[in-house]
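To be precise, the following lines are run21.pdb, and they hold PDB, C-alpha atoms and all ligand atoms.
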MODEL        1
ATOM      1  CA  MET Z 165     104.374 125.151 106.590
ATOM      2  CA  THR Z 166     101.881 125.998 109.425
ATOM      3  CA  ASP Z 167     101.342 123.420 112.206
ATOM      4  CA  THR Z 168     100.604 120.559 109.843
ATOM      5  CA  LEU Z 169     102.985 117.635 110.438
ATOM      6  CA  ILE Z 170     104.743 116.970 107.148
ATOM      7  CA  VAL Z 171     105.994 113.498 106.285
ATOM      8  CA  ALA Z 172     108.309 113.848 103.277
ATOM      9  CA  VAL Z 173     108.848 110.739 101.112
ATOM     10  CA  ASP Z 174     111.167 110.551  98.087
ATOM     11  CA  GLY Z 175     112.320 107.709  95.905
ATOM     12  CA  PRO Z 176     112.760 106.391  92.375
ATOM     13  CA  ALA Z 177     109.974 105.209  90.065
ATOM     14  CA  GLY Z 178     108.179 102.097  91.250
ATOM     15  CA  SER Z 179     109.670 102.173  94.756
ATOM     16  CA  GLY Z 180     106.156 102.294  96.209
ATOM     17  CA  LYS Z 181     105.995 106.009  97.101
ATOM     18  CA  SER Z 182     102.381 106.562  96.023
ATOM     19  CA  SER Z 183     100.809 103.347  97.256
ATOM     20  CA  VAL Z 184     102.732 103.254 100.540
ATOM     21  CA  SER Z 185     102.297 106.989 101.271
ATOM     22  CA  LYS Z 186      98.573 106.767 100.567
ATOM     23  CA  GLN Z 187      98.161 103.842 102.980
ATOM     24  CA  VAL Z 188     100.246 105.579 105.647
ATOM     25  CA  ALA Z 189      98.068 108.695 105.273
ATOM     26  CA  ARG Z 190      94.900 106.597 105.621
ATOM     27  CA  THR Z 191      96.239 104.914 108.750
ATOM     28  CA  LEU Z 192      97.084 108.236 110.409
ATOM     29  CA  ASP Z 193      94.080 110.144 109.020
ATOM     30  CA  PHE Z 194      96.572 112.468 107.293
ATOM     31  CA  GLY Z 195      96.318 114.100 103.888
ATOM     32  CA  TYR Z 196      98.211 112.575 100.972
ATOM     33  CA  LEU Z 197      99.908 114.746  98.343
ATOM     34  CA  ASP Z 198     101.183 113.045  95.181
ATOM     35  CA  THR Z 199     103.538 115.654  93.671
ATOM     36  CA  GLY Z 200     104.380 113.576  90.591
ATOM     37  CA  ALA Z 201     100.727 113.975  89.591
ATOM     38  CA  ALA Z 202     101.299 117.712  89.028
ATOM     39  CA  TYR Z 203     104.307 117.129  86.759
ATOM     40  CA  ARG Z 204     102.339 114.457  84.918
ATOM     41  CA  ALA Z 205      99.274 116.697  84.615
ATOM     42  CA  LEU Z 206     101.383 119.514  83.182
ATOM     43  CA  ALA Z 207     102.919 117.068  80.682
ATOM     44  CA  TRP Z 208      99.376 115.927  79.789
ATOM     45  CA  HIS Z 209      98.344 119.592  79.364
ATOM     46  CA  VAL Z 210     101.285 120.250  76.996
ATOM     47  CA  LEU Z 211     100.450 117.146  74.934
ATOM     48  CA  ASP Z 212      96.746 118.046  74.943
ATOM     49  CA  ARG Z 213      97.653 121.308  73.201
ATOM     50  CA  GLY Z 214      99.461 119.340  70.528
ATOM     51  CA  ALA Z 215     102.846 120.590  71.743
ATOM     52  CA  ASP Z 216     106.037 118.712  72.539
ATOM     53  CA  THR Z 217     107.295 118.564  76.146
ATOM     54  CA  ALA Z 218     110.874 118.876  74.818
ATOM     55  CA  ASP Z 219     109.935 122.386  73.640
ATOM     56  CA  THR Z 220     110.684 124.466  76.772
ATOM     57  CA  ALA Z 221     108.942 127.565  75.403
ATOM     58  CA  ALA Z 222     105.751 125.550  74.814
ATOM     59  CA  VAL Z 223     106.021 124.064  78.331
ATOM     60  CA  LEU Z 224     106.293 127.565  79.826
ATOM     61  CA  VAL Z 225     103.269 128.787  77.862
ATOM     62  CA  ALA Z 226     101.270 125.766  79.037
ATOM     63  CA  ALA Z 227     102.459 126.301  82.627
ATOM     64  CA  ASP Z 228     101.143 129.868  82.471
ATOM     65  CA  ASP Z 229      97.699 128.514  81.721
ATOM     66  CA  PHE Z 230      97.720 125.486  84.036
ATOM     67  CA  ASP Z 231      94.471 125.262  85.986
ATOM     68  CA  TYR Z 232      95.420 122.396  88.310
ATOM     69  CA  ALA Z 233      93.527 120.767  91.168
ATOM     70  CA  ILE Z 234      94.226 117.634  93.219
ATOM     71  CA  SER Z 235      92.526 115.904  96.115
ATOM     72  CA  LEU Z 236      94.589 115.329  99.253
ATOM     73  CA  ASP Z 237      92.063 112.790 100.552
ATOM     74  CA  PRO Z 238      93.742 109.352 100.423
ATOM     75  CA  ASP Z 239      90.309 107.728 100.071
ATOM     76  CA  ASP Z 240      89.161 109.949  97.224
ATOM     77  CA  HIS Z 241      92.094 110.584  94.930
ATOM     78  CA  TRP Z 242      91.473 112.705  91.825
ATOM     79  CA  VAL Z 243      93.453 115.074  89.629
ATOM     80  CA  ARG Z 244      91.956 117.748  87.351
ATOM     81  CA  VAL Z 245      93.183 120.151  84.721
ATOM     82  CA  GLY Z 246      90.453 122.724  84.223
ATOM     83  CA  GLN Z 247      87.190 120.751  84.005
ATOM     84  CA  THR Z 248      88.919 117.556  82.824
ATOM     85  CA  ASP Z 249      89.486 114.664  85.204
ATOM     86  CA  VAL Z 250      92.977 113.426  84.284
ATOM     87  CA  THR Z 251      93.440 110.967  87.181
ATOM     88  CA  THR Z 252      93.750 107.983  84.843
ATOM     89  CA  ALA Z 253      95.111 109.718  81.747
ATOM     90  CA  ILE Z 254      98.261 110.947  83.522
ATOM     91  CA  ARG Z 255      99.263 107.324  84.227
ATOM     92  CA  GLU Z 256      99.386 106.430  80.523
ATOM     93  CA  PRO Z 257     102.809 105.471  79.093
ATOM     94  CA  ARG Z 258     102.714 108.440  76.653
ATOM     95  CA  VAL Z 259     102.542 110.852  79.618
ATOM     96  CA  ALA Z 260     105.138 108.912  81.661
ATOM     97  CA  GLY Z 261     107.422 109.088  78.636
ATOM     98  CA  ALA Z 262     107.005 112.859  78.310
ATOM     99  CA  VAL Z 263     107.020 113.999  81.936
ATOM    100  CA  SER Z 264     110.786 114.166  82.593
ATOM    101  CA  ALA Z 265     111.180 116.885  79.972
ATOM    102  CA  VAL Z 266     108.651 119.022  81.839
ATOM    103  CA  ALA Z 267     110.288 118.303  85.215
ATOM    104  CA  ARG Z 268     113.690 119.546  84.066
ATOM    105  CA  VAL Z 269     112.452 123.118  83.456
ATOM    106  CA  PRO Z 270     113.564 125.245  86.475
ATOM    107  CA  GLU Z 271     110.574 127.629  86.215
ATOM    108  CA  VAL Z 272     108.207 124.642  86.343
ATOM    109  CA  ARG Z 273     109.932 123.247  89.428
ATOM    110  CA  ALA Z 274     109.723 126.625  91.193
ATOM    111  CA  LEU Z 275     106.036 127.032  90.303
ATOM    112  CA  LEU Z 276     105.091 123.526  91.445
ATOM    113  CA  THR Z 277     107.208 123.650  94.617
ATOM    114  CA  ASP Z 278     105.286 126.749  95.630
ATOM    115  CA  LEU Z 279     101.995 125.052  94.790
ATOM    116  CA  PHE Z 280     102.861 121.950  96.867
ATOM    117  CA  ARG Z 281     103.684 124.091  99.900
ATOM    118  CA  GLN Z 282     100.388 125.955  99.548
ATOM    119  CA  LEU Z 283      98.379 122.734  99.155
ATOM    120  CA  ALA Z 284      99.966 121.157 102.240
ATOM    121  CA  ALA Z 285      99.510 124.317 104.293
ATOM    122  CA  ALA Z 286      95.817 124.487 103.356
ATOM    123  CA  SER Z 287      95.121 120.946 104.575
ATOM    124  CA  ASP Z 288      92.680 120.687 107.467
ATOM    125  CA  ARG Z 289      94.253 117.425 108.693
ATOM    126  CA  ASP Z 290      96.902 117.094 111.425
ATOM    127  CA  GLY Z 291      99.479 115.942 108.919
ATOM    128  CA  VAL Z 292     100.190 115.460 105.225
ATOM    129  CA  VAL Z 293     102.329 112.774 103.606
ATOM    130  CA  ILE Z 294     103.990 114.400 100.587
ATOM    131  CA  GLU Z 295     105.734 112.120  98.123
ATOM    132  CA  GLY Z 296     107.938 112.769  95.113
ATOM    133  CA  ARG Z 297     111.595 113.201  94.205
ATOM    134  CA  ASP Z 298     112.718 116.411  95.947
ATOM    135  CA  ILE Z 299     110.382 116.612  98.931
ATOM    136  CA  THR Z 300     113.041 115.764 101.542
ATOM    137  CA  THR Z 301     115.527 118.198  99.992
ATOM    138  CA  VAL Z 302     113.660 121.088  98.327
ATOM    139  CA  VAL Z 303     109.901 121.153  98.970
ATOM    140  CA  ALA Z 304     110.004 120.364 102.711
ATOM    141  CA  PRO Z 305     113.641 120.102 103.827
ATOM    142  CA  ASP Z 306     112.617 121.033 107.385
ATOM    143  CA  ALA Z 307     109.926 118.345 107.666
ATOM    144  CA  PRO Z 308     110.179 116.459 110.984
ATOM    145  CA  VAL Z 309     109.963 113.126 109.143
ATOM    146  CA  ARG Z 310     111.950 112.615 105.928
ATOM    147  CA  ILE Z 311     112.183 109.233 104.248
ATOM    148  CA  LEU Z 312     113.872 107.850 101.141
ATOM    149  CA  LEU Z 313     111.900 104.820  99.966
ATOM    150  CA  THR Z 314     114.032 102.531  97.840
ATOM    151  CA  ALA Z 315     113.908  99.087  96.254
ATOM    152  CA  ALA Z 316     116.286  97.234  93.954
ATOM    153  CA  PRO Z 317     115.849  98.278  90.295
ATOM    154  CA  GLU Z 318     114.741  94.815  89.143
ATOM    155  CA  VAL Z 319     112.160  94.619  91.946
ATOM    156  CA  ARG Z 320     110.749  98.037  91.021
ATOM    157  CA  ALA Z 321     110.558  97.058  87.369
ATOM    158  CA  ALA Z 322     108.807  93.778  88.225
ATOM    159  CA  ARG Z 323     106.242  95.546  90.415
ATOM    160  CA  ARG Z 324     105.516  98.117  87.727
ATOM    161  CA  SER Z 325     105.225  95.541  84.945
ATOM    162  CA  ALA Z 326     102.736  93.591  87.065
ATOM    163  CA  GLU Z 327     100.504  96.703  86.881
ATOM    164  CA  VAL Z 328     100.883  97.502  83.189
ATOM    165  CA  THR Z 329      98.951  95.145  80.911
ATOM    166  CA  THR Z 330      99.403  97.042  77.645
ATOM    167  CA  GLN Z 331     103.184  96.578  77.350
ATOM    168  CA  ASP Z 332     105.567  93.642  77.818
ATOM    169  CA  ALA Z 333     107.824  93.460  80.892
ATOM    170  CA  ALA Z 334     111.008  94.440  79.060
ATOM    171  CA  THR Z 335     109.376  97.564  77.591
ATOM    172  CA  VAL Z 336     107.998  98.588  80.989
ATOM    173  CA  ALA Z 337     111.369  98.043  82.698
ATOM    174  CA  ALA Z 338     113.225 100.015  80.015
ATOM    175  CA  ALA Z 339     110.799 102.948  80.299
ATOM    176  CA  LEU Z 340     111.088 102.989  84.099
ATOM    177  CA  HIS Z 341     114.895 102.976  84.046
ATOM    178  CA  ARG Z 342     114.992 105.603  81.268
ATOM    179  CA  ARG Z 343     112.755 107.904  83.321
ATOM    180  CA  ASP Z 344     114.880 107.419  86.465
ATOM    181  CA  ALA Z 345     118.076 108.170  84.533
ATOM    182  CA  SER Z 346     116.559 111.313  83.082
ATOM    183  CA  ASP Z 347     115.074 112.493  86.401
ATOM    184  CA  ALA Z 348     118.327 111.789  88.269
ATOM    185  CA  GLN Z 349     120.041 114.455  86.151
ATOM    186  CA  VAL Z 350     117.794 117.045  87.790
ATOM    187  CA  VAL Z 351     117.255 115.796  91.365
ATOM    188  CA  ASP Z 352     119.186 113.291  93.481
ATOM    189  CA  PHE Z 353     116.576 110.851  94.768
ATOM    190  CA  LEU Z 354     118.872 107.807  94.870
ATOM    191  CA  THR Z 355     120.937 108.805  97.906
ATOM    192  CA  ALA Z 356     119.591 110.016 101.212
ATOM    193  CA  ALA Z 357     120.395 113.606 102.156
ATOM    194  CA  PRO Z 358     121.704 114.160 105.717
ATOM    195  CA  GLY Z 359     119.024 113.261 108.242
ATOM    196  CA  VAL Z 360     116.860 111.381 105.750
ATOM    197  CA  VAL Z 361     115.910 107.847 106.822
ATOM    198  CA  VAL Z 362     116.140 105.057 104.242
ATOM    199  CA  VAL Z 363     113.382 102.458 104.023
ATOM    200  CA  ASP Z 364     114.318  99.681 101.606
ATOM    201  CA  SER Z 365     111.289  97.704 100.447
ATOM    202  CA  THR Z 366     113.201  95.156  98.358
ATOM    203  CA  GLU Z 367     112.683  92.371 100.878
ATOM    204  CA  ARG Z 368     109.437  93.692 102.344
ATOM    205  CA  ASP Z 369     105.921  93.127 101.116
ATOM    206  CA  PHE Z 370     103.500  96.050 100.902
ATOM    207  CA  ALA Z 371     102.151  95.762 104.474
ATOM    208  CA  GLN Z 372     105.656  95.429 105.919
ATOM    209  CA  THR Z 373     106.774  98.530 104.019
ATOM    210  CA  VAL Z 374     103.817 100.547 105.324
ATOM    211  CA  ASP Z 375     104.679  99.383 108.855
ATOM    212  CA  ALA Z 376     108.333 100.357 108.384
ATOM    213  CA  VAL Z 377     107.306 103.879 107.342
ATOM    214  CA  LEU Z 378     104.862 104.147 110.252
ATOM    215  CA  ASP Z 379     107.686 103.079 112.583
ATOM    216  CA  VAL Z 380     109.893 105.869 111.265
ATOM    217  CA  ILE Z 381     107.098 108.376 111.853
ATOM    218  CA  ARG Z 382     106.540 107.106 115.401
ATOM    219  CA  THR Z 383     110.174 106.702 116.428
ATOM    220  CA  GLY Z 384     111.991 109.080 114.090
ATOM    221  CA  THR Z 385     114.550 106.399 113.241
ATOM    222  CA  GLY Z 386     115.095 103.700 110.651
ATOM    223  CA  GLU Z 387     117.727 101.235 109.607
ATOM    224  CA  THR Z 388     119.963 103.824 107.837
ATOM    225  CA  ASP Z 389     120.183 107.599 107.919
ATOM    226  CA  GLY Z 390     121.789 109.775 105.252
ATOM    227  CA  ARG Z 391     124.950 111.573 106.404
TER
HETATM  228  N1  LIG Z 401     106.708  96.655  99.381
HETATM  229  C1  LIG Z 401     106.005  96.328  98.302
HETATM  230  N2  LIG Z 401     105.883  95.052  97.967
HETATM  231  C2  LIG Z 401     105.212  94.696  96.869
HETATM  232  N3  LIG Z 401     104.611  95.567  96.014
HETATM  233  C3  LIG Z 401     104.697  96.841  96.313
HETATM  234  C4  LIG Z 401     105.396  97.309  97.449
HETATM  235  N4  LIG Z 401     105.351  98.640  97.470
HETATM  236  C5  LIG Z 401     104.645  99.013  96.368
HETATM  237  N5  LIG Z 401     104.246  97.927  95.695
HETATM  238  C6  LIG Z 401     103.516  97.893  94.424
HETATM  239  O1  LIG Z 401     104.454  98.341  93.444
HETATM  240  C7  LIG Z 401     103.782  99.088  92.445
HETATM  241  C8  LIG Z 401     104.456 100.449  92.287
HETATM  242  O2  LIG Z 401     104.188 101.216  93.440
HETATM  243  P1  LIG Z 401     103.854 102.771  93.357
HETATM  244  O3  LIG Z 401     103.034 103.109  92.165
HETATM  245  O4  LIG Z 401     103.341 103.171  94.697
HETATM  246  O5  LIG Z 401     105.336 103.328  93.130
HETATM  247  P2  LIG Z 401     105.819 104.829  92.940
HETATM  248  O6  LIG Z 401     107.135 104.918  93.626
HETATM  249  O7  LIG Z 401     104.783 105.793  93.343
HETATM  250  O8  LIG Z 401     106.041 104.863  91.357
HETATM  251  P3  LIG Z 401     106.052 106.127  90.363
HETATM  252  O9  LIG Z 401     107.100 107.057  90.849
HETATM  253  O10 LIG Z 401     106.409 105.525  89.036
HETATM  254  O11 LIG Z 401     104.670 106.727  90.379
HETATM  255  C9  LIG Z 401     102.321  99.143  92.880
HETATM  256  O12 LIG Z 401     101.622  98.144  92.193
HETATM  257  C10 LIG Z 401     102.360  98.858  94.357
HETATM  258  O13 LIG Z 401     101.165  98.254  94.820
HETATM  259  N1  LIG Z 402     108.785 115.867  93.379
HETATM  260  C1  LIG Z 402     108.752 115.416  92.118
HETATM  261  C2  LIG Z 402     107.807 114.515  91.692
HETATM  262  C3  LIG Z 402     107.800 114.092  90.404
HETATM  263  N2  LIG Z 402     108.693 114.593  89.534
HETATM  264  C4  LIG Z 402     108.618 114.274  88.099
HETATM  265  O1  LIG Z 402     107.329 113.755  87.799
HETATM  266  C5  LIG Z 402     107.428 112.465  87.234
HETATM  267  C6  LIG Z 402     106.264 111.620  87.650
HETATM  268  O2  LIG Z 402     106.373 111.336  89.035
HETATM  269  P1  LIG Z 402     105.746 110.011  89.682
HETATM  270  O3  LIG Z 402     106.122 110.087  91.125
HETATM  271  O4  LIG Z 402     104.296 110.071  89.429
HETATM  272  O5  LIG Z 402     106.377 108.859  88.998
HETATM  273  C7  LIG Z 402     108.806 111.941  87.624
HETATM  274  O6  LIG Z 402     109.290 110.997  86.690
HETATM  275  C8  LIG Z 402     109.620 113.242  87.624
HETATM  276  O7  LIG Z 402     109.975 113.564  86.290
HETATM  277  C9  LIG Z 402     109.631 115.477  89.955
HETATM  278  O8  LIG Z 402     110.493 115.924  89.158
HETATM  279  N3  LIG Z 402     109.658 115.881  91.241
ENDMDL
END

Could you spell out this file's structure in structure tokens?
Ligand SMILES: Nc1ncnc2c1ncn2[C@@H]1O[C@H](COP(=O)(O)OP(=O)(O)OP(=O)(O)O)[C@@H](O)[C@H]1O
Ligand SMILES: Nc1ccn([C@@H]2O[C@H](COP(=O)(O)O)[C@@H](O)[C@H]2O)c(=O)n1
Amino acid sequence: MTDTLIVAVDGPAGSGKSSVSKQVARTLDFGYLDTGAAYRALAWHVLDRGADTADTAAVLVAADDFDYAISLDPDDHWVRVGQTDVTTAIREPRVAGAVSAVARVPEVRALLTDLFRQLAAASDRDGVVIEGRDITTVVAPDAPVRILLTAAPEVRAARRSAEVTTQDAATVAAALHRRDASDAQVVDFLTAAPGVVVVDSTERDFAQTVDAVLDVIRTGTGETDGR
């Protein structure tokens, strides 16, 4: 992936991947690539056509006609499908509930993996923080910095329910755990692959978690490495 320094960050839903990676990118003047946004945008695209994301054939047809664009600027984050700005729409519970079905299609994963590598390589910044589920293992397994960002399930659910005002806490927690269980059948983002450094944010606040990630980038080490 050219000379751009890649920082690969994986982790389960609500572990803080997006918010922490974005802040780390800002601090270092790096690009920030949210890969989950592409899976979400494709799920949105399938739903927008009135199709069902469980229908693999319909997902493949939609993927063939997926005009996707994303900003890698951590201070100006947007996501588009064609002319439509879907930055907010892809965060809706109906999209979150449909995205895992899209992410389990091998052709979709291959297409998006290729896209992520191209987007990172085209960045004009010195580095790019790429976050998702399979960045440390599939998208950028050779990245010089690879981190698994974790937090206890109940802490992740509490953080997510603090954000979502349209659903009660139990509903939000159930949806988050359902999505993790479904995603974990496709990619292992709960255990660190060899050489991947674990940052556990359970007992850290946001600023402390950002600092812990910055420390890993600067020193190359953390509290635990995958073996
Ligand atoms: N260490 C932390 N302490 C407290 N709150 C945090 C911490 N890290 C992240 N948060 C908050 O937790 C919420 C979830 O974080 P974020 O959306 O970044 O998670 P994520 O891993 O990207 O989730 P998803 O995979 O579902 O998109 C956000 O409101 C974020 O501000
Ligand atoms: N590398 C990735 C990133 C995401 N996914 C799938 O997308 C969903 C949304 O991701 P968020 O990070 O925005 O929560 C996620 O639930 C996965 O289904 C993926 O498979 N690989």

So that I can check the surroundings of range 298-311 of chain Z, please list as a tab-separated table (two decimals) with C-alpha atoms, keeping the file's coordinate frame every protein, DNA and RNA residue that reaches within 9 Å of it, counting only C-alpha atoms and ignoring chain neighbours fewer than 4 positions away.
chain	number	residue	atom	x	y	z
Z	165	MET	CA	104.37	125.15	106.59
Z	169	LEU	CA	102.98	117.64	110.44
Z	170	ILE	CA	104.74	116.97	107.15
Z	171	VAL	CA	105.99	113.50	106.28
Z	172	ALA	CA	108.31	113.85	103.28
Z	173	VAL	CA	108.85	110.74	101.11
Z	174	ASP	CA	111.17	110.55	98.09
Z	175	GLY	CA	112.32	107.71	95.90
Z	199	THR	CA	103.54	115.65	93.67
Z	277	THR	CA	107.21	123.65	94.62
Z	278	ASP	CA	105.29	126.75	95.63
Z	280	PHE	CA	102.86	121.95	96.87
Z	281	ARG	CA	103.68	124.09	99.90
Z	294	ILE	CA	103.99	114.40	100.59
Z	351	VAL	CA	117.26	115.80	91.36
Z	352	ASP	CA	119.19	113.29	93.48
Z	353	PHE	CA	116.58	110.85	94.77
Z	356	ALA	CA	119.59	110.02	101.21
Z	357	ALA	CA	120.40	113.61	102.16
Z	359	GLY	CA	119.02	113.26	108.24
Z	360	VAL	CA	116.86	111.38	105.75
Z	361	VAL	CA	115.91	107.85	106.82
Z	362	VAL	CA	116.14	105.06	104.24
Z	363	VAL	CA	113.38	102.46	104.02
Z	377	VAL	CA	107.31	103.88	107.34
Z	380	VAL	CA	109.89	105.87	111.26
Z	381	ILE	CA	107.10	108.38	111.85
Z	384	GLY	CA	111.99	109.08	114.09
Z	386	GLY	CA	115.10	103.70	110.65
Z	389	ASP	CA	120.18	107.60	107.92

What does the list of residues within 10 Å of ligand LIG 402 (chain Z) look like if you count all atoms listed in the file, written as a ChimeraX atom specification? /Z:173-182,198-207,254-255,259-269,272-273,276-277,280,294-303,340,342-348,350-351,353

With C-alpha atoms retained, export the selected residues as a tab-separated table (two decimals), keeping the file's coordinate frame.
chain	number	residue	atom	x	y	z
Z	173	VAL	CA	108.85	110.74	101.11
Z	174	ASP	CA	111.17	110.55	98.09
Z	175	GLY	CA	112.32	107.71	95.90
Z	176	PRO	CA	112.76	106.39	92.38
Z	177	ALA	CA	109.97	105.21	90.06
Z	178	GLY	CA	108.18	102.10	91.25
Z	179	SER	CA	109.67	102.17	94.76
Z	180	GLY	CA	106.16	102.29	96.21
Z	181	LYS	CA	106.00	106.01	97.10
Z	182	SER	CA	102.38	106.56	96.02
Z	198	ASP	CA	101.18	113.04	95.18
Z	199	THR	CA	103.54	115.65	93.67
Z	200	GLY	CA	104.38	113.58	90.59
Z	201	ALA	CA	100.73	113.98	89.59
Z	202	ALA	CA	101.30	117.71	89.03
Z	203	TYR	CA	104.31	117.13	86.76
Z	204	ARG	CA	102.34	114.46	84.92
Z	205	ALA	CA	99.27	116.70	84.62
Z	206	LEU	CA	101.38	119.51	83.18
Z	207	ALA	CA	102.92	117.07	80.68
Z	254	ILE	CA	98.26	110.95	83.52
Z	255	ARG	CA	99.26	107.32	84.23
Z	259	VAL	CA	102.54	110.85	79.62
Z	260	ALA	CA	105.14	108.91	81.66
Z	261	GLY	CA	107.42	109.09	78.64
Z	262	ALA	CA	107.00	112.86	78.31
Z	263	VAL	CA	107.02	114.00	81.94
Z	264	SER	CA	110.79	114.17	82.59
Z	265	ALA	CA	111.18	116.88	79.97
Z	266	VAL	CA	108.65	119.02	81.84
Z	267	ALA	CA	110.29	118.30	85.22
Z	268	ARG	CA	113.69	119.55	84.07
Z	269	VAL	CA	112.45	123.12	83.46
Z	272	VAL	CA	108.21	124.64	86.34
Z	273	ARG	CA	109.93	123.25	89.43
Z	276	LEU	CA	105.09	123.53	91.44
Z	277	THR	CA	107.21	123.65	94.62
Z	280	PHE	CA	102.86	121.95	96.87
Z	294	ILE	CA	103.99	114.40	100.59
Z	295	GLU	CA	105.73	112.12	98.12
Z	296	GLY	CA	107.94	112.77	95.11
Z	297	ARG	CA	111.60	113.20	94.20
Z	298	ASP	CA	112.72	116.41	95.95
Z	299	ILE	CA	110.38	116.61	98.93
Z	300	THR	CA	113.04	115.76	101.54
Z	301	THR	CA	115.53	118.20	99.99
Z	302	VAL	CA	113.66	121.09	98.33
Z	303	VAL	CA	109.90	121.15	98.97
Z	340	LEU	CA	111.09	102.99	84.10
Z	342	ARG	CA	114.99	105.60	81.27
Z	343	ARG	CA	112.76	107.90	83.32
Z	344	ASP	CA	114.88	107.42	86.46
Z	345	ALA	CA	118.08	108.17	84.53
Z	346	SER	CA	116.56	111.31	83.08
Z	347	ASP	CA	115.07	112.49	86.40
Z	348	ALA	CA	118.33	111.79	88.27
Z	350	VAL	CA	117.79	117.04	87.79
Z	351	VAL	CA	117.26	115.80	91.36
Z	353	PHE	CA	116.58	110.85	94.77

Residue with the minimum atom-to-atom distance to ligand LIG 401 (chain Z), picked from Z:Ser365, Z:Gln187, Z:Thr383, Z:Ser235 with all atoms listed in the file counted, is Z:Ser365

12 Å contact set for Asp231 in chain Z, only C-alpha atoms, chain neighbours under 3 positions out, as number ranges by chain: Z: 202, 205-206, 209, 226-228, 234, 243-249, 279

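Candidate residues Z:Thr366, Z:Thr335, Z:Thr329, Z:Thr355 were compared for distance to Pro317 in chain Z, and the nearest is Z:Thr366, using only C-alpha atoms.
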
Using all atoms listed in the file: which of Z:Leu197, Z:Leu378, Z:Leu313, Z:Leu275 has the shortest distance to Asp237 in chain Z: Z:Leu197

Pairwise distance for CA of Arg258 in chain Z and atom O6 of ligand LIG 401 (chain Z), rounded to one decimal in Å: 17.9 Å

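Counting all atoms listed in the file and comparing Z:Asp219, Z:Asp379, Z:Asp364, Z:Glu271, the residue that lies closest to ligand LIG 401 (chain Z) is Z:Asp364.
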
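With distances restricted to all atoms listed in the file, Z:Ala326 is the closest residue to ligand LIG 401 (chain Z) from Z:Ala339, Z:Ala274, Z:Ala326, Z:Ala333.
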
Using all atoms listed in the file, which of the listed residues (Z:Ala315, Z:Leu283, Z:Ser183, Z:Ala222) sits closest to ligand LIG 401 (chain Z)? Z:Ser183

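The spacing separating atom O12 of ligand LIG 401 (chain Z) from CA of Ser185 in chain Z amounts to 12.7 Å.
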
What does the distance between CA of Asp290 in chain Z and CA of Ala189 in chain Z come to in Å, to one decimal place?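 Those two atoms sit 10.5 Å apart.
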
Residue neighbourhood Val292 in chain Z, 6 Å, all atoms listed in the file, exclusion window fewer than 6 positions, as a VMD selection string: chain Z and resid 170 194 to 196

Listed atoms of range 216-234 of chain Z, axis-aligned box, 6 Å per side: centre and edge lengths to one decimal in Å, as JSON?
{"center_x": 102.2, "center_y": 123.8, "center_z": 82.9, "size_x": 29.3, "size_y": 24.2, "size_z": 32.7}

Assuming the chain letters and numbering stay as they are in my file, what does the PyMOL selection byres (((chain Z and resi 322) around 10) and not hetatm) actually select? List them as a PDB file with C-alpha atoms, in the frame of the given file.
ATOM      1  CA  GLY Z 178     108.179 102.097  91.250  1.00  0.00           C
ATOM      2  CA  PRO Z 317     115.849  98.278  90.295  1.00  0.00           C
ATOM      3  CA  GLU Z 318     114.741  94.815  89.143  1.00  0.00           C
ATOM      4  CA  VAL Z 319     112.160  94.619  91.946  1.00  0.00           C
ATOM      5  CA  ARG Z 320     110.749  98.037  91.021  1.00  0.00           C
ATOM      6  CA  ALA Z 321     110.558  97.058  87.369  1.00  0.00           C
ATOM      7  CA  ARG Z 323     106.242  95.546  90.415  1.00  0.00           C
ATOM      8  CA  ARG Z 324     105.516  98.117  87.727  1.00  0.00           C
ATOM      9  CA  SER Z 325     105.225  95.541  84.945  1.00  0.00           C
ATOM     10  CA  ALA Z 326     102.736  93.591  87.065  1.00  0.00           C
ATOM     11  CA  GLU Z 327     100.504  96.703  86.881  1.00  0.00           C
ATOM     12  CA  ALA Z 333     107.824  93.460  80.892  1.00  0.00           C
ATOM     13  CA  ALA Z 334     111.008  94.440  79.060  1.00  0.00           C
ATOM     14  CA  VAL Z 336     107.998  98.588  80.989  1.00  0.00           C
ATOM     15  CA  ALA Z 337     111.369  98.043  82.698  1.00  0.00           C
TER      16      ALA Z 337
END
